[in-house]
$ cat data.pdb   # PDB, C-alpha atoms
ATOM      1  CA  MET A   1     -13.861  25.991  -9.532
ATOM      2  CA  ALA A   2     -15.884  23.770  -7.190
ATOM      3  CA  GLU A   3     -14.986  20.099  -6.955
ATOM      4  CA  ASP A   4     -17.323  17.647  -8.662
ATOM      5  CA  PRO A   5     -18.816  15.491  -5.865
ATOM      6  CA  ASN A   6     -19.288  12.651  -8.357
ATOM      7  CA  GLN A   7     -15.556  12.460  -9.045
ATOM      8  CA  PRO A   8     -13.176  10.635  -6.676
ATOM      9  CA  PRO A   9     -10.706  12.883  -4.816
ATOM     10  CA  ASP A  10      -7.356  13.346  -6.515
ATOM     11  CA  THR A  11      -5.203  11.564  -3.951
ATOM     12  CA  LEU A  12      -2.156  11.608  -6.230
ATOM     13  CA  ALA A  13      -1.988  15.412  -6.329
ATOM     14  CA  PRO A  14       0.548  15.661  -3.452
ATOM     15  CA  TYR A  15       2.796  13.123  -5.186
ATOM     16  CA  ARG A  16       2.647  14.849  -8.558
ATOM     17  CA  ALA A  17       3.513  18.137  -6.839
ATOM     18  CA  ALA A  18       6.438  16.428  -5.100
ATOM     19  CA  VAL A  19       7.681  15.015  -8.416
ATOM     20  CA  ARG A  20       7.602  18.505  -9.926
ATOM     21  CA  GLU A  21       9.652  19.793  -7.005
ATOM     22  CA  HIS A  22      12.062  16.914  -6.410
ATOM     23  CA  GLY A  23      11.932  14.783  -9.545
ATOM     24  CA  ALA A  24      11.319  11.037  -9.391
ATOM     25  CA  THR A  25      13.296  10.622  -6.154
ATOM     26  CA  PHE A  26      12.665   9.273  -2.680
ATOM     27  CA  LYS A  27      11.479  12.713  -1.544
ATOM     28  CA  ALA A  28       8.645  12.539  -4.073
ATOM     29  CA  THR A  29       7.259   9.406  -2.401
ATOM     30  CA  LEU A  30       6.474  11.518   0.706
ATOM     31  CA  TRP A  31       7.878   8.994   3.148
ATOM     32  CA  ALA A  32       9.083  10.703   6.332
ATOM     33  CA  SER A  33      12.319   8.717   6.233
ATOM     34  CA  GLU A  34      13.814   5.574   4.744
ATOM     35  CA  GLU A  35      13.960   4.096   8.253
ATOM     36  CA  LYS A  36      10.211   4.457   8.756
ATOM     37  CA  GLN A  37       9.528   3.110   5.285
ATOM     38  CA  GLN A  38      11.645   0.029   5.973
ATOM     39  CA  THR A  39      10.014  -0.518   9.350
ATOM     40  CA  ARG A  40       6.641  -0.718   7.646
ATOM     41  CA  PHE A  41       8.031  -3.110   5.037
ATOM     42  CA  ARG A  42       9.431  -5.304   7.806
ATOM     43  CA  VAL A  43       6.078  -5.521   9.555
ATOM     44  CA  LEU A  44       4.285  -6.367   6.303
ATOM     45  CA  SER A  45       6.773  -9.163   5.615
ATOM     46  CA  GLU A  46       6.224 -10.472   9.143
ATOM     47  CA  VAL A  47       2.431 -10.633   8.895
ATOM     48  CA  MET A  48       2.251 -12.072   5.369
ATOM     49  CA  PRO A  49       4.179 -15.063   3.956
ATOM     50  CA  LEU A  50       5.497 -13.624   0.697
ATOM     51  CA  GLY A  51       8.000 -16.231  -0.431
ATOM     52  CA  GLY A  52       6.919 -18.013  -3.594
ATOM     53  CA  ARG A  53       3.778 -15.875  -3.919
ATOM     54  CA  THR A  54       2.577 -13.431  -6.535
ATOM     55  CA  VAL A  55       2.466 -10.104  -4.708
ATOM     56  CA  LEU A  56       0.659  -6.964  -5.837
ATOM     57  CA  ASP A  57       2.489  -3.905  -4.485
ATOM     58  CA  VAL A  58      -0.263  -1.286  -4.560
ATOM     59  CA  GLY A  59       1.031   2.258  -4.919
ATOM     60  CA  ALA A  60       4.559   1.006  -5.398
ATOM     61  CA  GLY A  61       6.284   4.356  -5.877
ATOM     62  CA  LEU A  62       9.911   3.586  -6.735
ATOM     63  CA  SER A  63       9.390  -0.118  -5.937
ATOM     64  CA  ASP A  64      11.335   0.200  -2.715
ATOM     65  CA  LEU A  65       9.390  -2.797  -1.380
ATOM     66  CA  SER A  66      10.944  -4.967  -4.091
ATOM     67  CA  ALA A  67      14.396  -3.697  -3.108
ATOM     68  CA  TYR A  68      13.688  -4.359   0.579
ATOM     69  CA  LEU A  69      12.537  -7.929  -0.061
ATOM     70  CA  ALA A  70      15.581  -8.657  -2.217
ATOM     71  CA  ALA A  71      17.900  -7.355   0.495
ATOM     72  CA  ALA A  72      16.043  -9.417   3.121
ATOM     73  CA  ARG A  73      16.291 -12.510   0.882
ATOM     74  CA  ILE A  74      12.529 -12.887   0.746
ATOM     75  CA  GLU A  75      11.705 -14.194  -2.714
ATOM     76  CA  PRO A  76       8.166 -13.820  -4.032
ATOM     77  CA  GLU A  77       7.529 -15.597  -7.291
ATOM     78  CA  ARG A  78       6.544 -12.263  -8.825
ATOM     79  CA  ILE A  79       5.922  -8.697  -7.709
ATOM     80  CA  ILE A  80       3.490  -6.577  -9.682
ATOM     81  CA  ALA A  81       4.250  -2.939  -8.914
ATOM     82  CA  LEU A  82       1.111  -0.836  -9.400
ATOM     83  CA  GLU A  83       1.839   2.906  -9.468
ATOM     84  CA  GLY A  84      -0.279   5.852 -10.586
ATOM     85  CA  VAL A  85       2.431   8.495 -11.057
ATOM     86  CA  PRO A  86       4.118   7.720 -14.398
ATOM     87  CA  GLU A  87       7.424   9.387 -13.476
ATOM     88  CA  LEU A  88       7.801   7.243 -10.371
ATOM     89  CA  ALA A  89       6.820   4.080 -12.236
ATOM     90  CA  ALA A  90       9.347   4.815 -14.998
ATOM     91  CA  GLU A  91      12.134   5.414 -12.487
ATOM     92  CA  ALA A  92      11.221   2.195 -10.669
ATOM     93  CA  GLU A  93      11.390   0.248 -13.928
ATOM     94  CA  ARG A  94      14.864   1.659 -14.595
ATOM     95  CA  ARG A  95      16.042   0.048 -11.352
ATOM     96  CA  HIS A  96      15.583  -3.457 -12.862
ATOM     97  CA  LEU A  97      14.586  -4.943  -9.522
ATOM     98  CA  PRO A  98      14.281  -8.732  -9.355
ATOM     99  CA  ARG A  99      10.964 -10.448 -10.097
ATOM    100  CA  THR A 100       9.237  -7.098 -10.538
ATOM    101  CA  GLU A 101       6.981  -5.929 -13.350
ATOM    102  CA  HIS A 102       5.316  -2.545 -13.519
ATOM    103  CA  VAL A 103       1.767  -1.406 -14.202
ATOM    104  CA  VAL A 104       0.863   2.293 -14.406
ATOM    105  CA  ALA A 105      -2.620   2.906 -13.001
ATOM    106  CA  ASP A 106      -4.271   5.051 -10.334
ATOM    107  CA  PHE A 107      -6.045   2.525  -8.115
ATOM    108  CA  SER A 108      -7.589   5.291  -5.982
ATOM    109  CA  ALA A 109      -9.467   6.710  -8.966
ATOM    110  CA  ASP A 110     -10.178   3.340 -10.575
ATOM    111  CA  PRO A 111     -10.484   0.401  -8.140
ATOM    112  CA  GLY A 112     -11.489  -1.760 -11.103
ATOM    113  CA  VAL A 113      -7.787  -1.994 -11.934
ATOM    114  CA  PHE A 114      -7.456  -4.805  -9.381
ATOM    115  CA  GLU A 115      -9.845  -7.033 -11.286
ATOM    116  CA  ARG A 116      -8.179  -6.206 -14.599
ATOM    117  CA  VAL A 117      -4.701  -7.008 -13.299
ATOM    118  CA  ALA A 118      -5.883 -10.221 -11.662
ATOM    119  CA  GLY A 119      -7.555 -11.238 -14.920
ATOM    120  CA  THR A 120      -4.156 -11.684 -16.554
ATOM    121  CA  ARG A 121      -1.903 -12.292 -13.521
ATOM    122  CA  PRO A 122      -3.500 -14.191 -10.624
ATOM    123  CA  ILE A 123      -2.738 -12.340  -7.370
ATOM    124  CA  ASP A 124      -1.922 -14.206  -4.168
ATOM    125  CA  ILE A 125      -1.331 -11.278  -1.815
ATOM    126  CA  ALA A 126      -1.973  -7.536  -2.135
ATOM    127  CA  LEU A 127       0.066  -5.111  -0.043
ATOM    128  CA  PHE A 128      -0.564  -1.412   0.575
ATOM    129  CA  SER A 129       2.347   0.376   2.229
ATOM    130  CA  GLY A 130       1.860   4.107   2.613
ATOM    131  CA  SER A 131      -0.341   4.204  -0.469
ATOM    132  CA  LEU A 132      -3.549   4.855   1.499
ATOM    133  CA  ASN A 133      -2.123   7.753   3.489
ATOM    134  CA  ALA A 134      -3.697  10.636   1.568
ATOM    135  CA  MET A 135      -7.144   9.005   1.385
ATOM    136  CA  GLU A 136     -10.084   9.308   3.719
ATOM    137  CA  MET A 137     -10.715   6.045   5.545
ATOM    138  CA  ALA A 138     -13.915   5.147   3.688
ATOM    139  CA  ASP A 139     -12.214   5.653   0.308
ATOM    140  CA  ALA A 140      -9.172   3.685   1.414
ATOM    141  CA  LEU A 141     -11.232   0.739   2.607
ATOM    142  CA  ARG A 142     -13.155   0.636  -0.661
ATOM    143  CA  CYS A 143      -9.826   0.167  -2.423
ATOM    144  CA  VAL A 144      -8.696  -2.483   0.050
ATOM    145  CA  GLU A 145     -11.988  -4.304  -0.489
ATOM    146  CA  ALA A 146     -11.446  -4.286  -4.258
ATOM    147  CA  ALA A 147      -7.997  -5.827  -3.728
ATOM    148  CA  TRP A 148      -9.399  -8.332  -1.217
ATOM    149  CA  ALA A 149     -11.905  -9.492  -3.849
ATOM    150  CA  VAL A 150      -9.109 -10.686  -6.144
ATOM    151  CA  ALA A 151      -6.327 -11.708  -3.707
ATOM    152  CA  ARG A 152      -6.320 -15.484  -3.363
ATOM    153  CA  HIS A 153      -4.578 -15.633   0.021
ATOM    154  CA  GLY A 154      -4.830 -12.247   1.693
ATOM    155  CA  VAL A 155      -4.308  -8.512   1.923
ATOM    156  CA  ALA A 156      -2.203  -6.412   4.287
ATOM    157  CA  PHE A 157      -2.122  -2.649   4.603
ATOM    158  CA  ASN A 158      -0.699   0.013   6.886
ATOM    159  CA  PHE A 159      -2.004   3.414   7.888
ATOM    160  CA  LEU A 160      -1.401   6.186  10.388
ATOM    161  CA  SER A 161      -3.189   5.468  13.652
ATOM    162  CA  ALA A 162      -5.582   7.978  15.191
ATOM    163  CA  ARG A 163      -4.685   6.434  18.550
ATOM    164  CA  GLY A 164      -1.066   7.566  18.260
ATOM    165  CA  GLY A 165      -1.671  10.996  19.742
ATOM    166  CA  ARG A 166      -1.233  13.109  16.599
ATOM    167  CA  THR A 167      -3.917  15.210  14.928
ATOM    168  CA  SER A 168      -4.800  15.351  11.242
ATOM    169  CA  ALA A 169      -3.214  18.798  11.064
ATOM    170  CA  GLN A 170       0.085  17.311  12.276
ATOM    171  CA  THR A 171       0.047  14.418   9.811
ATOM    172  CA  LYS A 172      -1.257  16.234   6.698
ATOM    173  CA  PRO A 173      -1.424  15.187   3.842
ATOM    174  CA  ALA A 174      -1.659  11.782   5.548
ATOM    175  CA  VAL A 175      -5.017  11.022   7.185
ATOM    176  CA  PRO A 176      -5.020   9.012  10.448
ATOM    177  CA  TYR A 177      -7.617   6.245  10.845
ATOM    178  CA  ASP A 178      -9.137   4.745  13.977
ATOM    179  CA  PRO A 179      -7.568   1.266  14.182
ATOM    180  CA  ALA A 180     -10.563  -0.132  16.063
ATOM    181  CA  ALA A 181     -12.876   0.921  13.233
ATOM    182  CA  VAL A 182     -10.527  -0.568  10.637
ATOM    183  CA  LEU A 183     -10.327  -3.830  12.603
ATOM    184  CA  THR A 184     -14.116  -4.032  12.833
ATOM    185  CA  TRP A 185     -14.357  -3.443   9.086
ATOM    186  CA  ALA A 186     -11.815  -6.195   8.369
ATOM    187  CA  LEU A 187     -13.581  -8.684  10.648
ATOM    188  CA  GLY A 188     -16.731  -8.058   8.654
ATOM    189  CA  ARG A 189     -14.944  -9.593   5.640
ATOM    190  CA  THR A 190     -13.008 -12.473   7.217
ATOM    191  CA  PRO A 191     -12.687 -13.975  10.714
ATOM    192  CA  THR A 192      -8.935 -14.350  10.281
ATOM    193  CA  VAL A 193      -7.452 -10.907  10.900
ATOM    194  CA  LEU A 194      -4.266  -9.682  12.562
ATOM    195  CA  ILE A 195      -3.529  -6.129  13.679
ATOM    196  CA  ARG A 196      -0.106  -4.762  14.635
ATOM    197  CA  HIS A 197      -0.055  -1.582  16.696
ATOM    198  CA  ASP A 198       3.226  -2.174  18.514
ATOM    199  CA  TYR A 199       5.816  -0.401  16.368
ATOM    200  CA  MET A 200       6.839   3.192  15.611
ATOM    201  CA  GLY A 201       5.507   4.399  18.944
ATOM    202  CA  ALA A 202       1.958   3.287  18.068
ATOM    203  CA  HIS A 203       1.712   6.062  15.472
ATOM    204  CA  ASP A 204       1.218   3.453  12.750
ATOM    205  CA  ALA A 205      -0.883   0.312  12.381
ATOM    206  CA  THR A 206      -0.873  -2.689  10.063
ATOM    207  CA  VAL A 207      -3.843  -4.930   9.393
ATOM    208  CA  ALA A 208      -3.564  -8.323   7.681
ATOM    209  CA  MET A 209      -6.623 -10.115   6.342
ATOM    210  CA  TYR A 210      -6.360 -13.816   5.509
ATOM    211  CA  ARG A 211      -8.635 -16.137   3.638
ATOM    212  CA  PRO A 212     -10.224 -18.556   6.124
ATOM    213  CA  SER A 213      -8.550 -21.470   4.321
ATOM    214  CA  GLY A 214      -5.219 -19.993   5.390
ATOM    215  CA  VAL A 215      -2.208 -18.668   3.504
TER     216      VAL A 215
END
$ encode --input "data.pdb" --output "C-alpha cells"
Amino acid sequence: MAEDPNQPPDTLAPYRAAVREHGATFKATLWASEEKQQTRFRVLSEVMPLGGRTVLDVGAGLSDLSAYLAAARIEPERIIALEGVPELAAEAERRHLPRTEHVVADFSADPGVFERVAGTRPIDIALFSGSLNAMEMADALRCVEAAWAVARHGVAFNFLSARGGRTSAQTKPAVPYDPAAVLTWALGRTPTVLIRHDYMGAHDATVAMYRPSGV
C-alpha cells in the first residue's frame, strides 16, 4: 500500500519494532551504547542550566536523562518525560525516578502536544536527545520550533552530523543533518545560539537556543 503523503512519517516504527524484539529495555531505545548516550546528556547539561527549572525531556525513552541528572546531582524542579512508545513510557514510570512525571504522546506525529503540555505545566527548557534521529531534518526542525514556541528559557537538541564523515546508509535509521544548515535555521529564531561540534569525533552535534533575555 502506498504511503499517504498527507500523513506524517511514522518515525516511531523502528522503536516499536525494537520493543517487539527486545522488550522495553535499553536496546529498544536504539542508542549505540550507554557511553554515547551519557556523552550526549553531559553536553546538554553543559549548554543548558537545568537546576531549578522545569525541563521537558522530549522522546524520553526509559527516562535515562532523569537518571543521569540525578547521578550528576543536577536537580531540575521537575522533569516532564514525553514518550510516544507506551511500553517504554510504562517501564520508565516503574523506575520511580526523582522529580519525573510521564506523558505518553508522539510529538513527531502531533507537534501540538507541546502547547497542550505547556498549557498545564509551564516549560522552562525543552531537550531533545536522540529523539530526532529517525526524522528528516525539515520534520525535526518543525518539532523543535513547536517546542521553542512554548519553552520560556530555551531549547537544546542533538543530532548526527553530516560533517562527521558517515553516510546516511551507515547511520540508518538515524538521519544525519548539516550542522551549518541547522545553525542558520536556529539563528533565524534567536540571535543567542550555541553549537557544539567538538565531541564524539565530530559525528554528533548539539545546538542550544536561548531566549534573548537569557536563561
$ residues_around --input "data.pdb" --residues "segment 23-25 of chain A" --least-positions-apart "6" --cutoff "12 Å" --atoms "all atoms listed in the file" --output "VMD selection string"
chain A and resid 15 to 17 31 61 to 64 85 to 94
$ atom_distance --input "data.pdb" --atom1 "atom CA of Pro111 of chain A" --atom2 "atom CA of Cys143 of chain A"
5.8 Å
$ atom_distance --input "data.pdb" --atom1 "atom CA of Ala208 of chain A" --atom2 "atom CA of Ile195 of chain A"
6.4 Å
$ atom_distance --input "data.pdb" --atom1 "atom CA of Pro122 of chain A" --atom2 "atom CA of Ala149 of chain A"
11.8 Å
$ resolve_selection --input "data.pdb" --expression "the PyMOL selection byres ((chain A and resi 124-129) around 10)" --output "PyMOL selection string"
chain A and resi 37+40-41+44-45+48-50+52-61+65+78-80+114+118+121-123+130-133+143-144+147-148+150-159+206+208-210+215
$ closest_atom_pairs --input "data.pdb" --of "segment 80-155 of chain A" --to "segment 174-183 of chain A" --cutoff "8 Å" --atoms "all atoms listed in the file" --output "tab-separated table"
residue	atom	partner	partner_atom	distance
A:Asn133	CA	A:Ala174	CA	4.5
A:Ala134	CA	A:Ala174	CA	4.6
A:Met135	CA	A:Val175	CA	6.5
A:Glu136	CA	A:Val175	CA	6.4
A:Met137	CA	A:Tyr177	CA	6.1
$ closest_residue --input "data.pdb" --among "A:Ala205, A:Ala18, A:Val193, A:Arg142" --to "Ser108 of chain A" --atoms "all atoms listed in the file"
A:Arg142
$ build_atoms --input "data.pdb" --residues "segment 14-46 of chain A" --atoms "N, CA and C atoms" --output "compact mmCIF listing (two decimals), keeping the file's coordinate frame"
# COMPACT_ATOMS: atom_id res chain seq x y z
N PRO A 14 -0.66 15.34 -4.22
CA PRO A 14 0.55 15.66 -3.45
C PRO A 14 1.81 15.02 -4.03
N TYR A 15 1.64 13.83 -4.62
CA TYR A 15 2.80 13.12 -5.19
C TYR A 15 3.24 13.76 -6.50
N ARG A 16 2.28 14.17 -7.31
CA ARG A 16 2.65 14.85 -8.56
C ARG A 16 3.35 16.17 -8.25
N ALA A 17 2.86 16.88 -7.23
CA ALA A 17 3.51 18.14 -6.84
C ALA A 17 4.93 17.86 -6.35
N ALA A 18 5.10 16.77 -5.61
CA ALA A 18 6.44 16.43 -5.10
C ALA A 18 7.38 16.04 -6.23
N VAL A 19 6.85 15.37 -7.26
CA VAL A 19 7.68 15.02 -8.42
C VAL A 19 8.12 16.27 -9.14
N ARG A 20 7.22 17.25 -9.27
CA ARG A 20 7.60 18.50 -9.93
C ARG A 20 8.71 19.22 -9.15
N GLU A 21 8.66 19.10 -7.84
CA GLU A 21 9.65 19.79 -7.00
C GLU A 21 10.96 19.02 -6.89
N HIS A 22 10.87 17.71 -6.73
CA HIS A 22 12.06 16.91 -6.41
C HIS A 22 12.48 15.95 -7.51
N GLY A 23 11.66 15.82 -8.56
CA GLY A 23 11.93 14.78 -9.54
C GLY A 23 11.49 13.43 -9.00
N ALA A 24 11.73 12.39 -9.79
CA ALA A 24 11.32 11.04 -9.39
C ALA A 24 12.34 10.46 -8.41
N THR A 25 12.35 11.00 -7.20
CA THR A 25 13.30 10.62 -6.15
C THR A 25 12.54 10.17 -4.91
N PHE A 26 13.28 9.72 -3.92
CA PHE A 26 12.66 9.27 -2.68
C PHE A 26 11.81 10.37 -2.06
N LYS A 27 12.25 11.62 -2.13
CA LYS A 27 11.48 12.71 -1.54
C LYS A 27 10.07 12.80 -2.16
N ALA A 28 9.95 12.45 -3.41
CA ALA A 28 8.64 12.54 -4.07
C ALA A 28 7.67 11.46 -3.62
N THR A 29 8.16 10.44 -2.91
CA THR A 29 7.26 9.41 -2.40
C THR A 29 6.58 9.82 -1.10
N LEU A 30 7.05 10.94 -0.51
CA LEU A 30 6.47 11.52 0.71
C LEU A 30 6.62 10.64 1.94
N TRP A 31 7.54 9.70 1.92
CA TRP A 31 7.88 8.99 3.15
C TRP A 31 8.64 9.94 4.07
N ALA A 32 8.38 9.84 5.38
CA ALA A 32 9.08 10.70 6.33
C ALA A 32 10.57 10.39 6.38
N SER A 33 10.92 9.12 6.23
CA SER A 33 12.32 8.72 6.23
C SER A 33 12.42 7.30 5.68
N GLU A 34 13.61 6.94 5.21
CA GLU A 34 13.81 5.57 4.74
C GLU A 34 13.67 4.59 5.90
N GLU A 35 14.07 4.98 7.09
CA GLU A 35 13.96 4.10 8.25
C GLU A 35 12.50 3.73 8.52
N LYS A 36 11.62 4.73 8.50
CA LYS A 36 10.21 4.46 8.76
C LYS A 36 9.59 3.64 7.63
N GLN A 37 10.01 3.91 6.42
CA GLN A 37 9.53 3.11 5.28
C GLN A 37 9.91 1.65 5.48
N GLN A 38 11.17 1.41 5.84
CA GLN A 38 11.64 0.03 5.97
C GLN A 38 11.02 -0.67 7.17
N THR A 39 10.72 0.08 8.22
CA THR A 39 10.01 -0.52 9.35
C THR A 39 8.66 -1.04 8.92
N ARG A 40 7.94 -0.27 8.13
CA ARG A 40 6.64 -0.72 7.65
C ARG A 40 6.79 -1.93 6.73
N PHE A 41 7.79 -1.94 5.89
CA PHE A 41 8.03 -3.11 5.04
C PHE A 41 8.31 -4.35 5.89
N ARG A 42 9.11 -4.17 6.94
CA ARG A 42 9.43 -5.30 7.81
C ARG A 42 8.17 -5.89 8.42
N VAL A 43 7.30 -5.03 8.92
CA VAL A 43 6.08 -5.52 9.56
C VAL A 43 5.20 -6.24 8.53
N LEU A 44 5.07 -5.69 7.34
CA LEU A 44 4.28 -6.37 6.30
C LEU A 44 4.85 -7.75 6.00
N SER A 45 6.16 -7.86 5.92
CA SER A 45 6.77 -9.16 5.62
C SER A 45 6.65 -10.13 6.78
N GLU A 46 6.43 -9.60 7.99
CA GLU A 46 6.22 -10.47 9.14
C GLU A 46 4.79 -10.99 9.22
